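The file data-v4.cif contains mmCIF, C-alpha atoms:
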```cif
data_data
#
loop_
_atom_site.label_atom_id
_atom_site.label_comp_id
_atom_site.auth_asym_id
_atom_site.auth_seq_id
_atom_site.Cartn_x
_atom_site.Cartn_y
_atom_site.Cartn_z
CA MET A 991 -50.59 90.68 10.82
CA LEU A 992 -47.22 92.30 11.50
CA GLU A 993 -47.53 91.39 15.17
CA ILE A 994 -48.08 87.74 14.23
CA PHE A 995 -45.03 87.88 11.98
CA LYS A 996 -42.90 89.32 14.75
CA LEU A 997 -44.24 86.79 17.21
CA VAL A 998 -43.29 83.82 15.02
CA PHE A 999 -40.27 84.91 13.01
CA PHE A 1000 -38.44 86.94 15.66
CA ASN A 1001 -38.05 83.64 17.36
CA TYR A 1002 -34.67 82.30 16.23
CA LYS A 1003 -35.90 78.67 15.94
CA PHE A 1004 -38.84 79.47 13.67
CA PHE A 1005 -36.84 81.92 11.59
CA THR A 1006 -34.20 79.23 11.00
CA LEU A 1007 -36.88 76.70 10.12
CA SER A 1008 -38.34 79.17 7.62
CA VAL A 1009 -34.95 79.81 5.99
CA ILE A 1010 -34.26 76.07 5.77
CA ILE A 1011 -37.66 75.34 4.20
CA PHE A 1012 -37.34 78.19 1.69
CA SER A 1013 -33.79 77.45 0.59
CA SER A 1014 -34.13 73.66 0.42
CA MET A 1015 -37.43 73.83 -1.48
CA MET A 1016 -36.24 76.54 -3.82
CA VAL A 1017 -32.92 74.86 -4.68
CA THR A 1018 -34.52 71.41 -5.08
CA LEU A 1019 -37.30 72.67 -7.35
CA LEU A 1020 -34.93 74.81 -9.41
CA LEU A 1021 -32.63 71.81 -9.87
CA ILE A 1022 -35.47 69.47 -10.80
CA SER A 1023 -36.96 71.99 -13.21
CA GLU A 1024 -33.52 72.57 -14.78
CA PHE A 1025 -33.16 76.23 -13.85
CA ILE A 1026 -29.93 75.29 -12.04
CA PHE A 1027 -27.26 72.82 -13.15
CA LEU A 1028 -24.43 71.61 -10.95
CA GLU A 1029 -22.61 69.39 -13.48
CA PRO A 1030 -20.26 69.84 -15.28
CA TYR A 1031 -20.29 73.47 -14.10
CA PHE A 1032 -22.56 75.42 -11.78
CA VAL A 1033 -24.86 77.41 -14.03
CA THR A 1034 -28.26 79.06 -13.73
CA HIS A 1035 -30.56 80.00 -16.56
CA ILE A 1036 -34.21 80.67 -17.31
CA PRO A 1037 -35.06 79.55 -20.84
CA PRO A 1038 -37.45 81.82 -22.76
CA GLY A 1039 -41.02 80.70 -22.10
CA SER A 1040 -40.21 79.24 -18.67
CA GLU A 1041 -40.60 82.48 -16.71
CA LEU A 1042 -44.02 81.58 -15.28
CA GLY A 1043 -42.71 78.23 -14.04
CA PHE A 1044 -39.84 80.03 -12.29
CA ILE A 1045 -42.16 82.59 -10.65
CA LEU A 1046 -44.48 79.83 -9.39
CA ILE A 1047 -41.51 78.02 -7.79
CA VAL A 1048 -40.49 81.22 -5.97
CA VAL A 1049 -44.07 81.84 -4.77
CA LEU A 1050 -44.52 78.21 -3.69
CA SER A 1051 -41.24 78.17 -1.74
CA THR A 1052 -41.99 81.53 -0.08
CA LEU A 1053 -45.50 80.51 0.99
CA SER A 1054 -44.28 77.16 2.30
CA ALA A 1055 -41.55 78.94 4.27
CA LEU A 1056 -44.20 81.20 5.85
CA VAL A 1057 -47.05 78.79 6.45
CA ILE A 1058 -45.23 75.70 7.77
CA PRO A 1059 -43.26 77.50 10.56
CA MET A 1060 -46.41 79.43 11.60
CA ASN A 1061 -48.28 76.15 11.99
CA VAL A 1062 -45.39 74.50 13.81
CA PHE A 1063 -45.47 77.53 16.14
CA ARG A 1064 -49.22 77.08 16.69
CA ILE A 1065 -48.86 73.40 17.49
CA SER A 1066 -45.86 73.79 19.78
CA HIS A 1067 -47.33 76.71 21.71
CA PHE A 1068 -51.02 75.92 21.83
CA LYS A 1069 -51.09 72.14 21.30
CA ASN A 1070 -53.82 72.83 18.82
CA SER A 1071 -55.30 70.94 15.89
CA LYS A 1072 -52.85 69.69 13.30
CA GLN A 1073 -55.31 70.19 10.46
CA LYS A 1074 -53.72 73.35 9.11
CA ILE A 1075 -50.19 72.02 9.07
CA SER A 1076 -51.33 69.03 7.07
CA GLY A 1077 -52.94 71.48 4.62
CA SER A 1078 -49.69 73.41 4.30
CA ILE A 1079 -47.56 70.28 3.90
CA PHE A 1080 -50.04 68.85 1.38
CA GLY A 1081 -49.91 72.10 -0.61
CA SER A 1082 -46.11 72.10 -0.57
CA ILE A 1083 -45.84 68.47 -1.62
CA ILE A 1084 -48.27 68.57 -4.53
CA GLY A 1085 -46.77 71.86 -5.68
CA SER A 1086 -43.32 70.30 -5.62
CA ALA A 1087 -44.41 67.08 -7.33
CA ALA A 1088 -45.90 68.96 -10.28
CA GLY A 1089 -43.40 69.02 -13.07
CA ALA A 1090 -40.83 67.19 -10.98
CA CYS A 1091 -41.12 64.12 -13.17
CA SER A 1092 -41.03 65.40 -16.74
CA CYS A 1093 -38.14 64.05 -18.81
CA GLY A 1094 -35.47 64.36 -16.13
CA PRO A 1095 -33.95 61.68 -13.89
CA ILE A 1096 -36.97 61.56 -11.54
CA GLY A 1097 -39.39 60.96 -14.42
CA PHE A 1098 -37.07 58.33 -15.84
CA ALA A 1099 -36.82 56.59 -12.44
CA VAL A 1100 -40.61 56.66 -11.95
CA ILE A 1101 -41.25 55.25 -15.43
CA SER A 1102 -38.53 52.61 -15.09
CA THR A 1103 -39.84 51.50 -11.71
CA PHE A 1104 -43.60 51.64 -12.22
CA GLY A 1105 -43.91 51.02 -15.96
CA SER A 1106 -47.12 52.22 -17.61
CA VAL A 1107 -48.59 53.46 -14.30
CA GLY A 1108 -45.45 55.53 -13.77
CA ALA A 1109 -45.62 56.83 -17.34
CA THR A 1110 -49.26 57.88 -16.88
CA THR A 1111 -48.47 59.61 -13.57
CA THR A 1112 -45.44 61.35 -15.07
CA ALA A 1113 -47.46 62.48 -18.09
CA PHE A 1114 -50.22 63.85 -15.82
CA LEU A 1115 -47.80 65.73 -13.55
CA THR A 1116 -45.95 67.15 -16.55
CA ASN A 1117 -49.01 68.05 -18.60
CA TYR A 1118 -50.71 69.87 -15.72
CA GLU A 1119 -47.59 71.29 -14.05
CA ILE A 1120 -48.74 74.92 -14.08
CA PRO A 1121 -52.39 74.31 -12.98
CA ILE A 1122 -51.22 71.94 -10.21
CA ARG A 1123 -48.70 74.51 -8.94
CA ILE A 1124 -51.38 77.23 -8.99
CA PHE A 1125 -53.74 74.90 -7.09
CA ALA A 1126 -50.98 74.21 -4.51
CA ILE A 1127 -50.36 77.96 -4.12
CA LEU A 1128 -54.09 78.46 -3.59
CA ILE A 1129 -54.10 75.84 -0.83
CA LEU A 1130 -51.11 77.51 0.81
CA PHE A 1131 -52.75 80.96 0.57
CA ILE A 1132 -55.94 79.67 2.22
CA THR A 1133 -53.88 77.93 4.92
CA TYR A 1134 -51.85 81.10 5.40
CA PHE A 1135 -54.88 83.32 6.03
CA THR A 1136 -56.66 80.79 8.25
CA THR A 1137 -53.44 80.35 10.26
CA ILE A 1138 -53.09 84.11 10.73
CA LYS A 1139 -56.72 84.24 11.87
CA SER A 1140 -56.19 81.36 14.30
CA LEU A 1141 -53.04 82.88 15.74
CA LYS A 1142 -54.77 86.24 16.20
CA THR A 1143 -57.50 84.53 18.20
CA GLU A 1144 -55.23 82.18 20.09
CA CYS A 1145 -52.67 84.82 20.99
CA LYS A 1146 -55.36 87.39 21.68
CA VAL A 1147 -53.35 89.94 19.78
CA SER A 1148 -55.09 93.26 19.60
CA PHE A 1149 -54.65 95.56 16.63
CA MET B 532 -30.68 9.83 -64.35
CA ASN B 533 -34.41 9.69 -63.75
CA LYS B 534 -33.84 9.70 -59.98
CA LYS B 535 -31.56 12.76 -60.15
CA GLY B 536 -34.09 14.83 -62.08
CA PRO B 537 -36.54 15.52 -59.18
CA ILE B 538 -33.67 16.14 -56.73
CA LEU B 539 -32.10 18.65 -59.11
CA GLY B 540 -35.53 20.25 -59.61
CA ILE B 541 -36.06 20.59 -55.84
CA ALA B 542 -32.57 22.05 -55.46
CA ILE B 543 -33.20 24.65 -58.18
CA ILE B 544 -36.61 25.57 -56.73
CA SER B 545 -35.04 25.90 -53.25
CA ILE B 546 -32.36 28.23 -54.61
CA ILE B 547 -34.98 30.34 -56.40
CA ILE B 548 -37.12 30.54 -53.23
CA GLY B 549 -34.03 31.43 -51.19
CA ILE B 550 -33.12 34.26 -53.55
CA ALA B 551 -36.73 35.50 -53.57
CA VAL B 552 -36.87 35.51 -49.75
CA SER B 553 -33.56 37.34 -49.45
CA VAL B 554 -34.64 39.95 -52.01
CA SER B 555 -38.01 40.53 -50.30
CA SER B 556 -36.42 40.80 -46.85
CA SER B 557 -33.81 43.22 -48.16
CA ASP B 558 -36.72 45.63 -48.81
CA GLU B 559 -36.98 46.00 -45.03
CA SER B 560 -33.29 46.35 -44.36
CA PHE B 561 -31.26 49.52 -44.37
CA ASP B 562 -27.66 50.32 -45.05
CA VAL B 563 -25.80 50.98 -41.84
CA ASP B 564 -22.29 50.67 -40.62
CA MET B 565 -22.85 48.56 -37.49
CA THR B 566 -19.32 49.28 -36.28
CA GLN B 567 -19.86 53.03 -35.98
CA THR B 568 -19.16 54.12 -32.42
CA HIS B 569 -18.43 57.42 -30.74
CA GLY B 570 -16.67 56.87 -27.43
CA SER B 571 -18.64 54.23 -25.58
CA ILE B 572 -21.78 54.76 -27.65
CA SER B 573 -22.84 52.71 -30.64
CA THR B 574 -24.26 55.34 -32.97
CA SER B 575 -24.67 52.99 -35.91
CA LEU B 576 -28.46 53.01 -35.68
CA GLY B 577 -28.76 56.67 -34.73
CA SER B 578 -29.46 59.59 -37.01
CA PRO B 579 -27.40 60.52 -40.05
CA ILE B 580 -24.48 62.77 -39.10
CA LEU B 581 -25.35 66.45 -39.09
CA GLY B 582 -22.37 68.45 -40.32
CA ASN B 583 -18.92 67.41 -41.43
CA PRO B 584 -18.48 63.63 -40.88
CA ASN B 585 -14.74 64.22 -40.42
CA ALA B 586 -15.14 66.92 -37.77
CA PRO B 587 -12.82 66.37 -34.78
CA ILE B 588 -15.66 66.45 -32.27
CA THR B 589 -19.00 64.65 -32.25
CA ILE B 590 -21.94 65.67 -30.11
CA VAL B 591 -24.23 62.70 -29.41
CA GLU B 592 -27.68 63.81 -28.29
CA PHE B 593 -30.07 61.38 -26.62
CA GLY B 594 -33.59 62.74 -26.91
CA ASP B 595 -37.30 62.08 -26.88
CA TYR B 596 -39.59 63.94 -29.27
CA GLN B 597 -42.17 64.49 -26.53
CA CYS B 598 -39.69 65.90 -24.00
CA HIS B 599 -40.22 69.59 -23.32
CA GLN B 600 -36.63 70.11 -22.17
CA CYS B 601 -35.45 68.67 -25.52
CA TYR B 602 -37.71 71.25 -27.15
CA ASN B 603 -36.07 73.97 -25.04
CA TRP B 604 -32.58 72.80 -26.03
CA PHE B 605 -33.57 72.52 -29.69
CA HIS B 606 -34.81 76.12 -29.74
CA ASN B 607 -32.43 77.84 -27.34
CA THR B 608 -29.04 76.12 -27.49
CA LYS B 609 -28.84 74.08 -30.68
CA PRO B 610 -29.03 77.03 -33.13
CA MET B 611 -25.90 78.54 -31.57
CA ILE B 612 -24.08 75.19 -31.65
CA ILE B 613 -24.97 74.81 -35.32
CA ARG B 614 -23.79 78.35 -36.08
CA ASP B 615 -20.49 78.22 -34.17
CA TYR B 616 -19.43 74.57 -34.36
CA ILE B 617 -21.35 72.52 -36.92
CA ASP B 618 -21.50 74.98 -39.81
CA THR B 619 -17.84 75.80 -39.23
CA GLY B 620 -16.81 72.11 -39.41
CA LYS B 621 -15.49 72.01 -35.83
CA ALA B 622 -18.08 69.48 -34.68
CA ASN B 623 -20.87 67.27 -35.94
CA LEU B 624 -24.01 65.97 -34.25
CA ILE B 625 -25.79 62.63 -34.07
CA PHE B 626 -29.25 62.24 -32.55
CA VAL B 627 -29.93 58.93 -30.81
CA ASP B 628 -33.49 58.18 -29.71
CA PHE B 629 -34.27 57.68 -26.05
CA ALA B 630 -38.02 57.22 -26.47
CA PHE B 631 -39.34 56.58 -22.96
CA LEU B 632 -41.81 59.33 -22.12
CA GLY B 633 -45.09 58.15 -23.62
CA LYS B 634 -46.72 55.78 -26.06
CA ASP B 635 -46.30 58.21 -28.96
CA SER B 636 -42.56 58.68 -28.40
CA PRO B 637 -41.31 55.46 -30.07
CA LYS B 638 -43.65 56.01 -33.02
CA ALA B 639 -42.32 59.54 -33.52
CA SER B 640 -38.75 58.21 -33.50
CA GLN B 641 -39.66 55.50 -36.01
CA ALA B 642 -41.20 58.13 -38.26
CA THR B 643 -37.90 60.01 -38.46
CA TYR B 644 -36.21 56.92 -39.92
CA CYS B 645 -39.07 56.47 -42.38
CA ALA B 646 -38.30 60.03 -43.47
CA ASP B 647 -34.62 59.11 -43.60
CA ASP B 648 -35.51 56.45 -46.21
CA GLN B 649 -36.30 59.44 -48.40
CA ASN B 650 -33.22 61.39 -47.25
CA MET B 651 -35.29 63.78 -45.17
CA TYR B 652 -34.26 62.79 -41.64
CA TRP B 653 -33.21 66.21 -40.34
CA GLU B 654 -36.08 68.03 -42.02
CA TYR B 655 -38.53 65.64 -40.33
CA HIS B 656 -36.65 65.82 -37.00
CA ASN B 657 -36.87 69.64 -37.09
CA SER B 658 -40.51 69.46 -38.06
CA LEU B 659 -41.27 67.35 -34.95
CA TYR B 660 -39.48 69.71 -32.57
CA ASN B 661 -41.09 72.73 -34.21
CA SER B 662 -44.53 71.15 -33.82
CA GLN B 663 -44.15 69.74 -30.31
CA GLU B 664 -47.06 70.49 -28.00
CA SER B 665 -46.59 70.79 -24.26
CA LYS B 666 -48.73 67.79 -23.32
CA ILE B 667 -47.33 64.24 -23.50
CA ASP B 668 -49.46 61.78 -25.53
CA SER B 669 -52.02 64.48 -26.29
CA GLY B 670 -52.22 63.24 -29.88
CA TRP B 671 -49.84 65.73 -31.48
CA ALA B 672 -47.45 62.83 -32.32
CA ASN B 673 -49.96 60.11 -33.13
CA SER B 674 -49.78 58.21 -36.42
CA GLU B 675 -52.12 60.57 -38.28
CA ARG B 676 -50.15 63.65 -37.24
CA LEU B 677 -46.84 61.94 -38.04
CA LYS B 678 -48.18 61.23 -41.53
CA ALA B 679 -49.35 64.82 -41.82
CA PHE B 680 -45.84 66.08 -41.00
CA ALA B 681 -44.49 63.81 -43.75
CA PHE B 682 -47.11 65.12 -46.18
CA ASN B 683 -46.09 68.71 -45.38
CA LEU B 684 -42.50 67.82 -46.30
CA ASN B 685 -43.67 66.42 -49.66
CA LEU B 686 -42.49 62.91 -48.85
CA ASP B 687 -43.69 59.96 -50.90
CA MET B 688 -46.70 59.12 -48.75
CA GLU B 689 -47.13 55.58 -49.98
CA LEU B 690 -43.59 54.70 -48.92
CA PHE B 691 -43.82 56.64 -45.67
CA ASN B 692 -47.17 55.17 -44.61
CA GLU B 693 -46.04 51.64 -45.39
CA CYS B 694 -42.87 52.17 -43.38
CA LEU B 695 -44.66 53.70 -40.38
CA ASP B 696 -47.59 51.26 -40.30
CA SER B 697 -45.31 48.22 -40.55
CA GLU B 698 -43.17 49.52 -37.65
CA LYS B 699 -40.13 48.89 -39.80
CA TYR B 700 -37.83 50.77 -37.44
CA SER B 701 -39.28 49.62 -34.13
CA LYS B 702 -36.20 47.55 -33.23
CA ARG B 703 -33.87 50.35 -34.31
CA VAL B 704 -35.53 52.73 -31.82
CA GLN B 705 -35.42 50.08 -29.08
CA TYR B 706 -31.72 49.54 -29.77
CA ASN B 707 -31.03 53.26 -29.51
CA SER B 708 -32.98 53.56 -26.26
CA GLN B 709 -30.96 50.67 -24.87
CA GLN B 710 -27.77 52.51 -25.86
CA ALA B 711 -28.94 55.40 -23.71
CA ARG B 712 -29.53 53.14 -20.71
CA ASP B 713 -26.23 51.30 -21.22
CA ASN B 714 -24.38 54.62 -21.21
CA GLY B 715 -26.00 55.83 -18.01
CA VAL B 716 -28.37 58.38 -19.51
CA ARG B 717 -31.10 59.02 -16.93
CA GLY B 718 -33.22 61.62 -18.66
CA THR B 719 -33.52 63.67 -21.79
CA PRO B 720 -31.88 65.50 -23.32
CA GLY B 721 -28.55 63.86 -22.53
CA PHE B 722 -25.32 64.60 -24.37
CA PHE B 723 -21.92 63.07 -24.87
CA ILE B 724 -19.20 65.16 -26.45
CA VAL B 725 -16.58 62.91 -27.97
CA ASP B 726 -13.29 63.97 -29.49
CA SER B 727 -11.14 62.15 -32.06
CA ASP B 728 -9.15 60.44 -29.28
CA PHE B 729 -12.46 59.07 -27.93
CA ASN B 730 -12.30 61.21 -24.81
CA GLN B 731 -15.88 61.92 -23.85
CA LYS B 732 -17.69 64.31 -21.56
CA GLN B 733 -21.31 63.98 -20.49
CA ILE B 734 -23.81 66.81 -20.15
CA SER B 735 -27.22 66.10 -18.63
CA GLY B 736 -30.24 68.26 -19.34
CA ALA B 737 -31.07 71.22 -21.54
CA GLN B 738 -28.05 73.22 -20.47
CA PRO B 739 -27.33 76.66 -21.94
CA PHE B 740 -24.91 77.34 -24.79
CA SER B 741 -22.22 78.65 -22.41
CA VAL B 742 -21.73 75.15 -20.96
CA PHE B 743 -21.40 73.54 -24.39
CA LYS B 744 -19.05 76.29 -25.54
CA LYS B 745 -16.77 75.81 -22.55
CA ILE B 746 -16.53 72.05 -23.09
CA LEU B 747 -16.27 72.18 -26.88
CA ASP B 748 -13.55 74.85 -26.78
CA SER B 749 -11.57 72.83 -24.26
CA MET B 750 -11.67 69.78 -26.57
CA ILE B 751 -10.84 71.44 -29.88
#
```

Please go through the file and, once you have read it, give me the structure as C-alpha cells.
Amino acid sequence: MLEIFKLVFFNYKFFTLSVIIFSSMMVTLLLISEFIFLEPYFVTHIPPGSELGFILIVVLSTLSALVIPMNVFRISHFKNSKQKISGSIFGSIIGSAAGACSCGPIGFAVISTFGSVGATTTAFLTNYEIPIRIFAILILFITYFTTIKSLKTECKVSF
Amino acid sequence: MNKKGPILGIAIISIIIGIAVSVSSSDESFDVDMTQTHGSISTSLGSPILGNPNAPITIVEFGDYQCHQCYNWFHNTKPMIIRDYIDTGKANLIFVDFAFLGKDSPKASQATYCADDQNMYWEYHNSLYNSQESKIDSGWANSERLKAFAFNLNLDMELFNECLDSEKYSKRVQYNSQQARDNGVRGTPGFFIVDSDFNQKQISGAQPFSVFKKILDSMI
C-alpha cells in the first residue's frame, strides 16, 4: 500500500491535485456548514453537538483527496476503465450535497428557485445529513480499496 | 314625512350593521405601531421587544423555527447576549419570522403571535426552540404539537386554538418573511444590529458570541 502511495503522491502533479481537492472541499464544506465565517470577521467555531458533522467533513475531504487523484493516475497511466473515478466523484458529490442546503443561502436559493420540490429536496438532505455523509464515506472507502487493488495488479507491484 | 320614514330606517339599520361589522372585525385585529422601523427593516409586525425598549442598540433576528442553525444560535450565543447586553439595558432584541424551510414553519410562527395575544410570546418562542427536533416537517411543529406547547404554558386553549385554526396571523408572518427578502436576508438566522443613529450592520448565520460582542461593543 505504501508503494502505491509513493507511486501516486510522490508525483508532483498528483500531490498538487490531492492538496487542491482536500483544501477546496474542506473549506467549502466548512463554510456551508457554518463552521467557518468570513463576514464580518474571519472566525471558526464548532458549536456543541456538531462535532460529528465536523469529523465527517474531515473524513470525506481526506478520502476524496486520496481516491480521486489515485483514479486520475490510473486513467492517465493505464487508460483503464473510468468506473472507479465515477464512484469516487459520486461519493464526493453526494457527501458534499448532504447538509449543504439546510437553512443557509444554498437552501434558500434552492427553495426560492424550485418551490415545493426544492423544499422537499432541502428537507431530505438536511434531515438525513449524517446518514448520507456516512454512506458517501462508505462509497469512497470501497472505491479506495478497489483502486489500491487495481493499482497493485496494474503496476505489478510486489510486496 | 311618510316617505322619509323608510329612508331614515334604512340609514339607521346601515349604521348599526356598519358598527357591528367593525366591532366583529376588530376581534381579529391587533394593536401595532405600523411605523416602527429599525434601520431599513419594518419591525412593526415582528415580535414584542425583548429587553429595554429604549436601549441604544437593537438586534433584529430573522429566523425560522425549524432551522437547526437558529437552534444552535438560540442555545449557544443568545444566552450570552441576553446576559451581557439585554439584561444590562445596552441592547434589545426583536425576532422577525423568515418562515421558508417547510410547511410547518409558517404555522409555528403564527402560533407565537397567538401566544402573544395572551402576553406569552417569548415564553412560547423559547418553548419552540427548546423543543425543536432535527428533522424538518417531521411533525414536531404540526398543529397538534403547537397546541400542546400552548397547553404546557397554561394558555387559554379556547383562544389559542381559535387563533391558530383561523390562521389569524398568516399575513403577519408573510409580511415578516417579505421583510427578510427585501433586506437581502438569504438564510437563517440572519441579524441586523441597528444603533440609535440607524447605522446597521448585518451578520449572517449562527455566528459565535465573539462576533456579536465585537460589533455590539463598537456600536455602544

Tell me, in Å to one decimal, how far atom CA of B:Asp687 is from atom CA of B:Asp628.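 Taking atom CA of B:Asp687 as the start and atom CA of B:Asp628 as the end point, the length is 23.6 Å.
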
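Note that the spacing between atom CA of A:Gly1105 and atom CA of B:Ser674 amounts to 22.5 Å.
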
For the structure provided, state which residues fall under the PyMOL selection byres ((chain A) within 6 of (chain B)), and present them as a PyMOL selection string. chain A and resi 1093-1095+1098+1113+1117

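For the set A:Met1060, A:Thr1018, A:Thr1034, A:Thr1052, the residue with the smallest atom-to-atom gap to A:Lys996 is A:Met1060, counting all atoms listed in the file.
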
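Distances to A:Ala1087 were evaluated for A:His1035, A:Ile1138, A:Ser1040, A:Arg1123 using only C-alpha atoms, and the minimum falls at A:Arg1123.
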
Spatial neighbours of stretch 1042-1050 of chain A, 7 Å, only C-alpha atoms, chain gap at least 4 places, as a PDB file with C-alpha atoms, in the coordinates of the input:
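Result file follows (result_13.pdb):
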```
ATOM      1  CA  MET A1016     -36.240  76.540  -3.820  1.00  0.00           C
ATOM      2  CA  LEU A1019     -37.300  72.670  -7.350  1.00  0.00           C
ATOM      3  CA  SER A1054     -44.280  77.160   2.300  1.00  0.00           C
ATOM      4  CA  ILE A1120     -48.740  74.920 -14.080  1.00  0.00           C
ATOM      5  CA  ARG A1123     -48.700  74.510  -8.940  1.00  0.00           C
ATOM      6  CA  ILE A1127     -50.360  77.960  -4.120  1.00  0.00           C
TER       7      ILE A1127
END
```

Students should find that atom CA of A:Val1057 and atom CA of A:Leu1130 are spaced 7.1 Å

Taking every listed atom of stretch 1091-1110 of chain A and adding 5 Å to each side, what centre and edge lengths in Å (one decimal) does the axis-aligned box have, as JSON?
```
{"center_x": -41.6, "center_y": 58.2, "center_z": -15.2, "size_x": 25.3, "size_y": 24.4, "size_z": 17.3}
```

Go through the shown structure with the PyMOL selection byres ((chain B and resi 609-614) around 9) and write out the matching residues as a PyMOL selection string. chain B and resi 582+604-608+615-619+622-624+740+743-744

Based on the selection just made, write C-alpha atoms of those residues as a PDB file, in the frame of the given file.
```
ATOM      1  CA  GLY B 582     -22.370  68.450 -40.320  1.00  0.00           C
ATOM      2  CA  TRP B 604     -32.580  72.800 -26.030  1.00  0.00           C
ATOM      3  CA  PHE B 605     -33.570  72.520 -29.690  1.00  0.00           C
ATOM      4  CA  HIS B 606     -34.810  76.120 -29.740  1.00  0.00           C
ATOM      5  CA  ASN B 607     -32.430  77.840 -27.340  1.00  0.00           C
ATOM      6  CA  THR B 608     -29.040  76.120 -27.490  1.00  0.00           C
ATOM      7  CA  ASP B 615     -20.490  78.220 -34.170  1.00  0.00           C
ATOM      8  CA  TYR B 616     -19.430  74.570 -34.360  1.00  0.00           C
ATOM      9  CA  ILE B 617     -21.350  72.520 -36.920  1.00  0.00           C
ATOM     10  CA  ASP B 618     -21.500  74.980 -39.810  1.00  0.00           C
ATOM     11  CA  THR B 619     -17.840  75.800 -39.230  1.00  0.00           C
ATOM     12  CA  ALA B 622     -18.080  69.480 -34.680  1.00  0.00           C
ATOM     13  CA  ASN B 623     -20.870  67.270 -35.940  1.00  0.00           C
ATOM     14  CA  LEU B 624     -24.010  65.970 -34.250  1.00  0.00           C
ATOM     15  CA  PHE B 740     -24.910  77.340 -24.790  1.00  0.00           C
ATOM     16  CA  PHE B 743     -21.400  73.540 -24.390  1.00  0.00           C
ATOM     17  CA  LYS B 744     -19.050  76.290 -25.540  1.00  0.00           C
TER      18      LYS B 744
END
```

Looking at only C-alpha atoms, which of A:Ile1036, A:Ala1126, A:Ile1083, A:Ala1055 is the one that sits closest to A:Ser1008? A:Ala1055

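Minimum atom-to-atom distances from A:Thr1143, A:Ser1076, A:Thr1006, A:Thr1111 to A:Ile1096 were compared using only C-alpha atoms, and the lowest value belongs to A:Thr1111.
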
Name every residue that the PyMOL selection byres ((chain B and resi 626) around 10) selects in this structure, writing the answer as a PDB file with C-alpha atoms, keeping the file's coordinate frame with chains first and numbers rising.
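Generated output (result_32.pdb):
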```
ATOM      1  CA  THR B 574     -24.260  55.340 -32.970  1.00  0.00           C
ATOM      2  CA  LEU B 576     -28.460  53.010 -35.680  1.00  0.00           C
ATOM      3  CA  GLY B 577     -28.760  56.670 -34.730  1.00  0.00           C
ATOM      4  CA  SER B 578     -29.460  59.590 -37.010  1.00  0.00           C
ATOM      5  CA  PRO B 579     -27.400  60.520 -40.050  1.00  0.00           C
ATOM      6  CA  ILE B 580     -24.480  62.770 -39.100  1.00  0.00           C
ATOM      7  CA  LEU B 581     -25.350  66.450 -39.090  1.00  0.00           C
ATOM      8  CA  ILE B 590     -21.940  65.670 -30.110  1.00  0.00           C
ATOM      9  CA  VAL B 591     -24.230  62.700 -29.410  1.00  0.00           C
ATOM     10  CA  GLU B 592     -27.680  63.810 -28.290  1.00  0.00           C
ATOM     11  CA  PHE B 593     -30.070  61.380 -26.620  1.00  0.00           C
ATOM     12  CA  GLY B 594     -33.590  62.740 -26.910  1.00  0.00           C
ATOM     13  CA  ASP B 595     -37.300  62.080 -26.880  1.00  0.00           C
ATOM     14  CA  LEU B 624     -24.010  65.970 -34.250  1.00  0.00           C
ATOM     15  CA  ILE B 625     -25.790  62.630 -34.070  1.00  0.00           C
ATOM     16  CA  VAL B 627     -29.930  58.930 -30.810  1.00  0.00           C
ATOM     17  CA  ASP B 628     -33.490  58.180 -29.710  1.00  0.00           C
ATOM     18  CA  PHE B 629     -34.270  57.680 -26.050  1.00  0.00           C
ATOM     19  CA  TRP B 653     -33.210  66.210 -40.340  1.00  0.00           C
ATOM     20  CA  HIS B 656     -36.650  65.820 -37.000  1.00  0.00           C
ATOM     21  CA  ASN B 707     -31.030  53.260 -29.510  1.00  0.00           C
ATOM     22  CA  PHE B 722     -25.320  64.600 -24.370  1.00  0.00           C
TER      23      PHE B 722
END
```
